[in-house]
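Undergrad: Quick one, start-v3.cif (mmCIF, C-alpha atoms):
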```
data_final
#
loop_
_atom_site.label_atom_id
_atom_site.label_comp_id
_atom_site.auth_asym_id
_atom_site.auth_seq_id
_atom_site.Cartn_x
_atom_site.Cartn_y
_atom_site.Cartn_z
CA MET A 1 -67.95 -101.44 257.94
CA ARG A 2 -70.04 -98.83 259.73
CA ARG A 3 -72.87 -100.36 261.70
CA ASP A 4 -74.63 -97.07 262.46
CA ILE A 5 -75.92 -96.64 258.90
CA PRO A 6 -79.73 -97.11 258.98
CA PRO A 7 -81.86 -99.24 256.62
CA LEU A 8 -82.56 -98.02 253.09
CA ALA A 9 -85.98 -96.54 253.91
CA GLU A 10 -84.44 -94.38 256.63
CA VAL A 11 -81.58 -93.41 254.32
CA ARG A 12 -84.16 -92.18 251.80
CA ARG A 13 -85.83 -90.07 254.49
CA ILE A 14 -82.55 -88.53 255.61
CA THR A 15 -80.87 -87.94 252.27
CA GLN A 16 -83.60 -87.23 249.73
CA LYS A 17 -84.89 -83.67 249.41
CA LYS A 18 -88.55 -82.98 250.16
CA ARG A 19 -88.85 -81.68 246.62
CA ASP A 20 -86.47 -82.04 243.71
CA ALA A 21 -86.25 -81.98 239.92
CA TRP A 22 -88.37 -84.65 238.27
CA TRP A 23 -85.29 -86.02 236.47
CA THR A 24 -83.59 -86.54 239.81
CA VAL A 25 -86.65 -88.04 241.51
CA LEU A 26 -87.45 -90.48 238.71
CA LEU A 27 -84.09 -91.32 237.12
CA VAL A 28 -81.37 -90.58 239.68
CA ASP A 29 -82.56 -91.15 243.25
CA PRO A 30 -83.62 -94.80 242.66
CA VAL A 31 -79.99 -95.53 241.74
CA ALA A 32 -78.13 -92.97 243.85
CA THR A 33 -79.77 -93.64 247.23
CA PRO A 34 -78.84 -97.36 247.48
CA LEU A 35 -75.33 -96.44 246.32
CA VAL A 36 -75.17 -93.79 249.03
CA ARG A 37 -76.01 -96.34 251.70
CA PHE A 38 -73.46 -98.80 250.33
CA THR A 39 -70.77 -96.10 250.12
CA ALA A 40 -71.40 -94.82 253.64
CA ARG A 41 -71.52 -98.30 255.16
CA TYR A 42 -68.70 -100.13 253.40
CA THR A 43 -66.21 -97.46 252.32
CA ARG A 44 -64.41 -94.44 253.72
CA ILE A 45 -65.00 -92.29 250.66
CA THR A 46 -65.71 -88.67 251.61
CA PRO A 47 -68.25 -86.36 249.94
CA ASN A 48 -65.44 -84.21 248.52
CA GLN A 49 -63.84 -87.27 246.92
CA ILE A 50 -67.17 -88.09 245.28
CA THR A 51 -67.36 -84.49 244.01
CA TRP A 52 -63.92 -84.87 242.43
CA ASP A 53 -64.93 -88.20 240.85
CA ALA A 54 -68.08 -86.61 239.39
CA PHE A 55 -66.02 -83.76 237.96
CA LEU A 56 -63.45 -86.09 236.39
CA LEU A 57 -66.23 -88.19 234.83
CA GLY A 58 -67.70 -84.97 233.45
CA LEU A 59 -64.38 -84.18 231.80
CA GLY A 60 -64.38 -87.71 230.38
CA SER A 61 -67.80 -87.15 228.83
CA ALA A 62 -66.52 -83.86 227.33
CA ALA A 63 -63.65 -85.76 225.71
CA CYS A 64 -66.14 -88.17 224.13
CA PHE A 65 -68.34 -85.30 222.90
CA ALA A 66 -65.37 -83.67 221.20
CA PHE A 67 -64.99 -86.57 218.73
CA GLY A 68 -68.40 -85.74 217.24
CA ASP A 69 -69.25 -89.24 215.99
CA TRP A 70 -72.55 -90.72 217.20
CA LYS A 71 -70.93 -93.67 219.02
CA TRP A 72 -68.76 -91.27 220.97
CA LEU A 73 -71.77 -89.01 221.60
CA ALA A 74 -73.75 -91.91 223.05
CA LEU A 75 -70.84 -92.94 225.26
CA GLY A 76 -70.41 -89.34 226.38
CA ALA A 77 -74.12 -89.13 227.26
CA VAL A 78 -73.92 -92.26 229.44
CA ILE A 79 -70.77 -91.01 231.18
CA TYR A 80 -72.38 -87.61 231.75
CA HIS A 81 -75.36 -89.24 233.46
CA LEU A 82 -73.03 -91.31 235.65
CA SER A 83 -71.25 -88.08 236.52
CA PHE A 84 -74.57 -86.51 237.47
CA ILE A 85 -75.47 -89.49 239.68
CA LEU A 86 -72.19 -89.05 241.56
CA ASP A 87 -72.88 -85.32 241.75
CA CYS A 88 -76.15 -86.09 243.51
CA MET A 89 -74.49 -88.62 245.81
CA ASP A 90 -71.94 -86.28 247.41
CA GLY A 91 -74.58 -84.20 249.19
CA LYS A 92 -76.53 -87.28 250.24
CA VAL A 93 -73.44 -88.92 251.74
CA ALA A 94 -72.66 -85.67 253.55
CA ARG A 95 -76.16 -85.54 255.06
CA LEU A 96 -76.10 -89.22 256.03
CA THR A 97 -72.63 -89.22 257.63
CA GLY A 98 -72.48 -85.65 258.90
CA GLN A 99 -69.39 -84.92 256.80
CA GLY A 100 -70.77 -81.88 255.03
CA SER A 101 -68.68 -78.71 254.88
CA VAL A 102 -68.92 -75.18 253.53
CA PHE A 103 -65.92 -75.81 251.29
CA GLY A 104 -67.56 -78.96 249.94
CA ALA A 105 -70.66 -76.97 248.95
CA TRP A 106 -68.43 -74.41 247.17
CA LEU A 107 -66.47 -77.16 245.41
CA ASP A 108 -69.66 -78.84 244.22
CA PHE A 109 -71.08 -75.59 242.83
CA VAL A 110 -67.91 -74.53 241.03
CA PHE A 111 -67.27 -77.97 239.53
CA ASP A 112 -70.86 -78.10 238.25
CA ARG A 113 -70.42 -74.81 236.40
CA ILE A 114 -67.05 -75.85 234.95
CA ARG A 115 -68.44 -79.22 233.86
CA VAL A 116 -71.33 -77.61 231.98
CA MET A 117 -69.01 -75.10 230.31
CA VAL A 118 -66.42 -77.68 229.23
CA CYS A 119 -69.04 -80.20 228.04
CA GLY A 120 -70.97 -77.50 226.17
CA VAL A 121 -67.89 -76.28 224.32
CA ALA A 122 -66.70 -79.83 223.58
CA LEU A 123 -70.11 -81.02 222.37
CA MET A 124 -70.78 -78.09 220.07
CA GLY A 125 -67.15 -77.93 218.95
CA GLY A 126 -67.29 -81.59 217.92
CA GLN A 127 -70.49 -81.03 215.98
CA TYR A 128 -69.03 -77.95 214.27
CA GLU A 129 -65.97 -79.97 213.27
CA ARG A 130 -68.22 -82.70 211.90
CA THR A 131 -70.72 -80.50 210.01
CA GLY A 132 -69.10 -77.09 209.55
CA ASP A 133 -72.34 -75.43 210.70
CA THR A 134 -71.48 -72.21 212.56
CA LEU A 135 -74.77 -72.38 214.46
CA TYR A 136 -73.06 -74.86 216.80
CA ILE A 137 -70.63 -72.14 217.87
CA TRP A 138 -73.57 -69.94 218.89
CA LEU A 139 -75.18 -72.88 220.65
CA ALA A 140 -72.00 -73.37 222.71
CA LEU A 141 -72.25 -69.76 223.87
CA ALA A 142 -75.97 -70.18 224.52
CA VAL A 143 -75.46 -73.28 226.69
CA VAL A 144 -72.92 -71.51 228.90
CA ALA A 145 -75.00 -68.32 229.04
CA LEU A 146 -78.26 -70.08 229.91
CA ASP A 147 -76.65 -72.18 232.62
CA THR A 148 -75.12 -69.03 234.12
CA LEU A 149 -78.43 -67.15 233.83
CA ARG A 150 -80.28 -69.94 235.60
CA TYR A 151 -78.04 -69.88 238.66
CA ILE A 152 -77.69 -66.11 238.83
CA ASN A 153 -81.46 -65.74 238.61
CA SER A 154 -81.97 -68.41 241.28
CA LEU A 155 -79.55 -66.73 243.69
CA GLU A 156 -81.01 -63.25 243.17
CA ILE A 157 -84.60 -64.44 243.60
CA PHE A 158 -83.58 -66.21 246.80
CA LYS A 159 -82.01 -62.99 248.09
CA ILE A 160 -85.12 -60.93 247.26
CA ARG A 161 -87.46 -63.43 248.91
CA HIS A 162 -85.20 -63.59 251.95
CA THR A 163 -85.25 -59.79 252.20
CA MET A 164 -89.05 -59.63 251.93
CA ARG A 165 -89.51 -62.29 254.61
CA LYS A 166 -86.97 -60.58 256.85
CA GLN A 167 -88.80 -57.25 256.62
CA ILE A 168 -92.19 -58.83 257.32
CA LYS A 169 -90.80 -60.70 260.34
CA ALA A 170 -89.34 -57.44 261.66
CA ARG A 171 -92.74 -55.75 261.34
CA MET A 172 -94.41 -58.74 262.96
CA ARG A 173 -92.03 -58.70 265.92
CA ALA A 174 -92.86 -55.05 266.42
CA ALA A 175 -96.56 -55.88 266.20
CA ARG A 176 -96.26 -58.62 268.81
CA ARG A 177 -94.44 -56.32 271.17
CA ALA A 178 -97.05 -53.62 270.69
CA GLN A 179 -100.22 -55.67 270.44
CA ASN A 180 -99.26 -59.19 271.63
CA GLU A 181 -100.05 -60.54 268.16
CA ALA A 182 -99.80 -64.22 267.15
CA GLU A 183 -96.69 -65.77 265.70
CA LEU A 184 -95.87 -65.71 262.01
CA ALA A 185 -95.77 -68.43 259.35
CA PHE A 186 -95.36 -68.32 255.58
CA MET A 187 -97.78 -70.24 253.39
CA GLU A 188 -95.03 -71.50 251.04
CA ASP A 189 -93.22 -73.13 253.99
CA LEU A 190 -96.41 -74.77 255.25
CA LEU A 191 -97.16 -76.19 251.81
CA ARG A 192 -93.58 -77.40 251.38
CA ASP A 193 -93.65 -79.21 254.71
CA ASN A 194 -97.19 -80.53 254.13
CA PRO A 195 -97.61 -81.28 250.41
CA SER A 196 -100.86 -83.15 251.07
CA ALA A 197 -102.46 -80.12 252.74
CA ASP A 198 -105.76 -78.80 251.47
CA ILE A 199 -104.83 -75.13 251.09
CA GLU A 200 -108.32 -73.87 250.32
CA GLN A 201 -109.78 -75.48 253.43
CA ASP A 202 -106.92 -74.25 255.59
CA LEU A 203 -107.12 -70.69 254.27
CA GLN A 204 -110.83 -70.66 255.07
CA ARG A 205 -110.12 -72.05 258.51
CA ALA A 206 -107.52 -69.34 259.07
CA ALA A 207 -110.14 -66.73 258.19
CA GLY A 208 -112.64 -68.34 260.57
CA GLU A 209 -114.86 -69.58 257.75
CA ALA A 210 -114.46 -73.28 258.47
CA PRO A 211 -114.95 -75.30 261.67
CA TYR A 212 -112.06 -76.43 263.82
CA ASP A 213 -110.51 -79.69 262.68
CA PRO A 214 -108.12 -81.43 265.11
CA GLN A 215 -106.53 -83.29 262.21
CA ALA A 216 -105.55 -80.14 260.33
CA PRO A 217 -102.01 -80.44 258.92
CA TYR A 218 -100.86 -77.12 260.37
CA ASP A 219 -102.13 -74.55 262.81
CA THR A 220 -104.28 -72.16 260.85
CA GLN A 221 -107.33 -73.12 262.87
CA ALA A 222 -109.09 -71.26 265.66
CA PRO A 223 -107.43 -71.58 269.07
CA HIS A 224 -108.97 -73.69 271.81
CA ASP A 225 -111.20 -72.06 274.36
CA PRO A 226 -109.19 -72.17 277.62
CA GLN A 227 -112.44 -72.65 279.56
CA ALA A 228 -113.58 -75.60 277.47
CA PRO A 229 -113.69 -79.06 279.12
CA GLY A 230 -110.47 -80.98 278.85
CA ASP A 231 -108.31 -77.86 278.66
CA ALA A 232 -107.55 -77.76 282.37
CA GLY A 233 -104.21 -79.02 283.60
CA ALA A 234 -103.59 -81.61 286.28
CA ASP A 235 -103.76 -78.95 289.02
CA GLY A 236 -107.13 -77.71 287.82
CA GLU A 237 -105.71 -74.57 286.22
CA ALA A 238 -106.33 -73.78 282.59
CA ALA A 239 -103.61 -75.13 280.32
CA PRO A 240 -101.67 -72.51 278.35
CA VAL A 241 -103.21 -71.75 274.98
CA ALA A 242 -100.95 -72.13 271.96
CA ARG A 243 -101.08 -69.04 269.82
CA LYS A 244 -101.99 -69.72 266.23
CA PRO A 245 -99.44 -68.45 263.71
CA GLN A 246 -100.45 -65.64 261.40
CA VAL A 247 -99.99 -67.02 257.88
CA ILE A 248 -98.45 -64.66 255.35
CA ASP A 249 -99.02 -65.76 251.75
CA LEU A 250 -96.67 -63.95 249.36
CA HIS A 251 -98.04 -65.89 246.39
CA GLN A 252 -101.66 -64.91 246.87
CA GLU A 253 -102.02 -62.95 243.62
CA PHE A 254 -100.31 -65.65 241.58
CA ARG A 255 -102.63 -68.32 242.99
CA ARG A 256 -105.65 -66.16 242.24
CA LYS A 257 -104.59 -65.66 238.62
CA PHE A 258 -103.64 -69.31 238.09
CA PRO A 259 -105.85 -71.51 240.30
CA ALA A 260 -104.95 -74.68 238.38
CA TYR A 261 -101.31 -74.18 239.37
CA LEU A 262 -102.11 -74.91 243.00
CA ARG A 263 -103.64 -78.30 242.19
CA ALA A 264 -100.75 -79.22 239.87
CA ARG A 265 -98.19 -78.08 242.45
CA SER A 266 -99.82 -80.11 245.23
CA PHE A 267 -99.88 -83.21 243.03
CA LEU A 268 -96.21 -82.82 242.14
CA LEU A 269 -95.15 -82.16 245.74
CA ARG A 270 -96.84 -85.36 246.88
CA HIS A 271 -94.38 -87.12 244.56
CA ARG A 272 -91.42 -84.94 245.69
CA ILE A 273 -91.34 -83.14 242.32
CA ARG A 274 -91.01 -79.36 242.29
CA ALA A 275 -93.25 -77.30 240.04
CA HIS A 276 -90.24 -75.82 238.20
CA LEU A 277 -90.32 -78.64 235.65
CA VAL A 278 -87.51 -77.39 233.41
CA SER A 279 -84.66 -76.12 235.54
CA GLY A 280 -80.89 -76.31 235.15
CA ILE A 281 -80.95 -80.08 235.65
CA GLU A 282 -83.47 -80.82 232.89
CA PHE A 283 -81.68 -78.34 230.63
CA GLN A 284 -78.38 -80.17 231.11
CA MET A 285 -79.98 -83.54 230.48
CA GLY A 286 -81.65 -82.33 227.31
CA VAL A 287 -78.35 -80.99 225.96
CA PHE A 288 -75.90 -83.60 227.23
CA MET A 289 -78.07 -86.73 227.45
CA ILE A 290 -81.03 -86.68 225.04
CA GLY A 291 -79.32 -84.74 222.25
CA PRO A 292 -76.15 -86.87 222.02
CA LEU A 293 -77.88 -90.18 222.73
CA PHE A 294 -80.34 -89.75 219.82
CA ASP A 295 -77.94 -87.72 217.64
CA VAL A 296 -80.23 -84.67 217.72
CA VAL A 297 -77.86 -82.23 219.41
CA MET A 298 -79.07 -79.06 217.71
CA PRO A 299 -82.86 -79.49 218.10
CA ALA A 300 -82.52 -80.89 221.63
CA THR A 301 -80.40 -77.91 222.68
CA ILE A 302 -82.76 -75.37 221.12
CA VAL A 303 -85.87 -76.95 222.68
CA SER A 304 -84.21 -77.36 226.09
CA GLY A 305 -82.98 -73.76 226.05
CA ALA A 306 -86.40 -72.43 225.04
CA LEU A 307 -88.16 -74.37 227.80
CA LEU A 308 -85.62 -73.20 230.36
CA LEU A 309 -86.24 -69.58 229.36
CA VAL A 310 -90.02 -70.05 229.57
CA PHE A 311 -89.82 -71.41 233.12
CA GLU A 312 -87.31 -68.76 234.19
CA LEU A 313 -89.62 -66.03 232.88
CA ALA A 314 -92.53 -67.68 234.72
CA ILE A 315 -90.52 -67.56 237.95
CA ILE A 316 -89.69 -63.89 237.37
CA TYR A 317 -93.38 -63.13 236.76
CA LYS A 318 -94.30 -65.04 239.92
CA LEU A 319 -91.72 -62.97 241.81
CA LEU A 320 -93.27 -59.76 240.43
CA LEU A 321 -96.70 -60.77 241.74
CA SER A 322 -95.12 -61.82 245.03
CA THR A 323 -93.60 -58.34 245.47
CA ARG A 324 -97.10 -56.89 245.11
CA ASP A 325 -98.34 -59.17 247.88
CA PHE A 326 -95.33 -58.07 249.92
CA THR A 327 -96.20 -54.39 249.39
CA ARG A 328 -99.81 -54.98 250.44
CA THR A 329 -98.63 -56.83 253.55
CA ILE A 330 -96.30 -54.00 254.55
CA ASP A 331 -99.03 -51.44 253.84
CA SER A 332 -101.39 -53.35 256.14
CA PHE A 333 -98.93 -52.83 258.99
CA GLU A 334 -98.78 -49.15 258.19
CA GLU A 335 -102.57 -48.91 258.24
CA GLN A 336 -102.57 -50.49 261.69
CA LYS A 337 -99.93 -47.92 262.73
CA VAL A 338 -97.53 -50.60 263.82
CA PRO A 339 -94.13 -49.12 264.70
CA VAL A 340 -91.24 -50.09 262.44
CA ALA A 341 -88.57 -52.26 264.08
CA VAL A 342 -85.12 -50.66 263.95
#
```
Using structure tokens, write down the structure from this file.

TA:
Amino acid sequence: MRRDIPPLAEVRRITQKKRDAWWTVLLVDPVATPLVRFTARYTRITPNQITWDAFLLGLGSAACFAFGDWKWLALGAVIYHLSFILDCMDGKVARLTGQGSVFGAWLDFVFDRIRVMVCGVALMGGQYERTGDTLYIWLALAVVALDTLRYINSLEIFKIRHTMRKQIKARMRAARRAQNEAELAFMEDLLRDNPSADIEQDLQRAAGEAPYDPQAPYDTQAPHDPQAPGDAGADGEAAPVARKPQVIDLHQEFRRKFPAYLRARSFLLRHRIRAHLVSGIEFQMGVFMIGPLFDVVMPATIVSGALLLVFELAIIYKLLLSTRDFTRTIDSFEEQKVPVAV
């Protein structure tokens, strides 16, 4: 038994993501986190072993789906959810015990994709065998295609955002060297780290439109006056003044077009739920949990796929608006004649 494993509340803080899918937050973490603590404290099971167990359970659920009968479908749905709980546990155990590895991350990703493919083919194949409806064959292709689209789109958007941020940081470093400008921060990071932040108040404060508030959740407020009382150090000299970061908001246009989104996003983040309400996780649960459990495989798959596409298109549209904010930000450096960093 390991005695260095902290209490459950601390395990939650260490292992749970700051924001996650609502299915995970509401239906997985309450079960997975106590199991993670138990596993880490009383067993020697490694994260990679948990990944293998999750994969094997996923294959077991596929075998149940292939029979096509409702009883087997319901059993397959339960097994699939248990497989998903284990799939969430491997990363948590890795974070808690420090056993994470690059190979483990690769193994987890590849097994997830194989599990979805095998379960999708088995589920729709079983329904085709039971009903003879060829639409199930097309649904099998759609499940695999949509799951692949979701992860390809996610990776490409991440790469584009990373590139935009990298270019802005390069320009900002050049600006600091040339003009001794303030440091840089991105609004999306500040909101992610401070989900209870009042963005409107902080944006006004950053623009000098609101008074200084010492309780502000992040430094977008006016800097202290080094000559003000209380700013002197113990030797009577003025204490160094912390430079306020320059906040770059690459979602400015999106927020302006959809002001209600900001309030909804802040509410969800306070409960650790990301605004992308139908992602790959909810899609999988609609197809492999709700559909089989209630014997509504075809409608559940169609609705889940449609909702996934809607949210993916919304993300692409948000990225388009973000690239416009990026262009305006880069142009502002050009207008200030800031030299480009090589």

Undergrad: Can you build me a table of stretch 54-153 of chain A residues sitting at most 6 Å from stretch 283-301 of chain A, with the closest atom pair per residue and its distance in Å to one decimal, using all atoms listed in the file, sorted by chain and residue number, as JSON lines?

TA:
```
{"residue": "A:Leu73", "atom": "CA", "partner": "A:Pro292", "partner_atom": "CA", "distance": 4.9}
{"residue": "A:Ala74", "atom": "CA", "partner": "A:Leu293", "partner_atom": "CA", "distance": 4.5}
{"residue": "A:Ala77", "atom": "CA", "partner": "A:Met289", "partner_atom": "CA", "distance": 4.6}
```

Undergrad: What is the atom CA of A:Val110-atom CA of A:Leu141 distance in Å, reported with one decimal?

TA: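 It comes out at 18.3 Å.
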
Undergrad: Which residue is closest to A:Phe67? Choose from A:Asp108, A:Glu335, A:Glu10, A:Glu129 and count only C-alpha atoms.

TA: A:Glu129

Undergrad: What's the separation between atom CA of A:Gly58 and atom CA of A:Asn153, in Å to one decimal place?

TA: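 Interatomic distance, atom CA of A:Gly58 to atom CA of A:Asn153: 24.2 Å.
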
Undergrad: As a check of understanding, name the residues that the PyMOL selection byres ((chain A and resi 251-264) around 8) selects in the supplied structure, as a PDB file with C-alpha atoms, in the coordinates of the input.

TA:
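Generated output (expr03.pdb):
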```
ATOM      1  CA  GLU A 188     -95.030 -71.500 251.040  1.00  0.00           C
ATOM      2  CA  ASP A 249     -99.020 -65.760 251.750  1.00  0.00           C
ATOM      3  CA  LEU A 250     -96.670 -63.950 249.360  1.00  0.00           C
ATOM      4  CA  ARG A 265     -98.190 -78.080 242.450  1.00  0.00           C
ATOM      5  CA  SER A 266     -99.820 -80.110 245.230  1.00  0.00           C
ATOM      6  CA  PHE A 267     -99.880 -83.210 243.030  1.00  0.00           C
ATOM      7  CA  LEU A 268     -96.210 -82.820 242.140  1.00  0.00           C
ATOM      8  CA  ALA A 275     -93.250 -77.300 240.040  1.00  0.00           C
ATOM      9  CA  LYS A 318     -94.300 -65.040 239.920  1.00  0.00           C
ATOM     10  CA  LEU A 321     -96.700 -60.770 241.740  1.00  0.00           C
ATOM     11  CA  SER A 322     -95.120 -61.820 245.030  1.00  0.00           C
ATOM     12  CA  ARG A 324     -97.100 -56.890 245.110  1.00  0.00           C
ATOM     13  CA  ASP A 325     -98.340 -59.170 247.880  1.00  0.00           C
TER      14      ASP A 325
END
```

Undergrad: Atom CA of A:Gly120 and atom CA of A:Val144, how far apart in Å?

TA: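 Between atom CA of A:Val144 and atom CA of A:Gly120 the gap works out to 6.9 Å.
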
Undergrad: Written as an mmCIF file with C-alpha atoms, in the coordinates of the input, what is the full residue list that the PyMOL selection byres ((chain A and resi 135) around 12) yields on the file shown?

TA:
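Full text of result27.cif as output:
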```cif
data_model
loop_
_atom_site.group_PDB
_atom_site.id
_atom_site.type_symbol
_atom_site.label_atom_id
_atom_site.label_comp_id
_atom_site.auth_asym_id
_atom_site.auth_seq_id
_atom_site.Cartn_x
_atom_site.Cartn_y
_atom_site.Cartn_z
ATOM 1 C CA MET A 124 -70.780 -78.090 220.070
ATOM 2 C CA GLY A 125 -67.150 -77.930 218.950
ATOM 3 C CA GLN A 127 -70.490 -81.030 215.980
ATOM 4 C CA TYR A 128 -69.030 -77.950 214.270
ATOM 5 C CA GLU A 129 -65.970 -79.970 213.270
ATOM 6 C CA THR A 131 -70.720 -80.500 210.010
ATOM 7 C CA GLY A 132 -69.100 -77.090 209.550
ATOM 8 C CA ASP A 133 -72.340 -75.430 210.700
ATOM 9 C CA THR A 134 -71.480 -72.210 212.560
ATOM 10 C CA TYR A 136 -73.060 -74.860 216.800
ATOM 11 C CA ILE A 137 -70.630 -72.140 217.870
ATOM 12 C CA TRP A 138 -73.570 -69.940 218.890
ATOM 13 C CA LEU A 139 -75.180 -72.880 220.650
ATOM 14 C CA ALA A 140 -72.000 -73.370 222.710
ATOM 15 C CA LEU A 141 -72.250 -69.760 223.870
ATOM 16 C CA ALA A 142 -75.970 -70.180 224.520
ATOM 17 C CA VAL A 297 -77.860 -82.230 219.410
ATOM 18 C CA MET A 298 -79.070 -79.060 217.710
ATOM 19 C CA PRO A 299 -82.860 -79.490 218.100
ATOM 20 C CA THR A 301 -80.400 -77.910 222.680
ATOM 21 C CA ILE A 302 -82.760 -75.370 221.120
#
```

Undergrad: Report the residues retrieved by the PyMOL selection byres ((chain A and resi 36-42) around 9) from the displayed file, expressed as a count of residues only.

TA: 25

Undergrad: Between A:Met187, A:Val278, A:Ala9, A:Leu75, single out the one closest to A:Leu313, counting only C-alpha atoms.

TA: A:Val278

Undergrad: With distances taken over only C-alpha atoms, which residue among A:Cys119, A:Asp69, A:Asp53, A:Arg171 lies nearest A:Ser332?

TA: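 So, comparing all the options, the nearest one is A:Arg171.
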
Undergrad: Between A:Arg113, A:Arg176, A:Arg328, A:Lys17, which is the closest to A:Cys88 once you count all atoms listed in the file?

TA: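 Among the listed residues, the smallest separation from A:Cys88 belongs to A:Lys17.
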
Undergrad: Quick one: residues within 9 Å of A:Phe186, all atoms listed in the file counted, chain neighbours fewer than 5 positions away excluded, as an MDAnalysis selection string?

TA: chainID A and resid 165 191 246:250

Undergrad: Starting from 3 Å padding per side, set up an axis-aligned box that covers all listed atoms of stretch 248-258 of chain A and hand over centre and edge lengths in Å, one decimal, as lines of an AutoDock Vina configuration file.

TA:
```
center_x = -101.2
center_y = -66.1
center_z = 246.7
size_x = 15.0
size_y = 12.4
size_z = 23.3
```

Undergrad: Quick one: residues within 12 Å of A:Arg115, all atoms listed in the file counted, chain neighbours fewer than 6 positions away excluded, as an MDAnalysis selection string?

TA: chainID A and resid 51:63 80 83:84 87 107:109 121:123 143:144 147 284 288

Undergrad: As JSON, numbers by chain, please: the residues near A:Gln167 (cut-off 12 Å, all atoms listed in the file, same-chain neighbours under 3 positions excluded).

TA: {"A": [160, 161, 162, 163, 164, 170, 171, 172, 173, 174, 326, 327, 329, 330, 333, 340, 341, 342]}
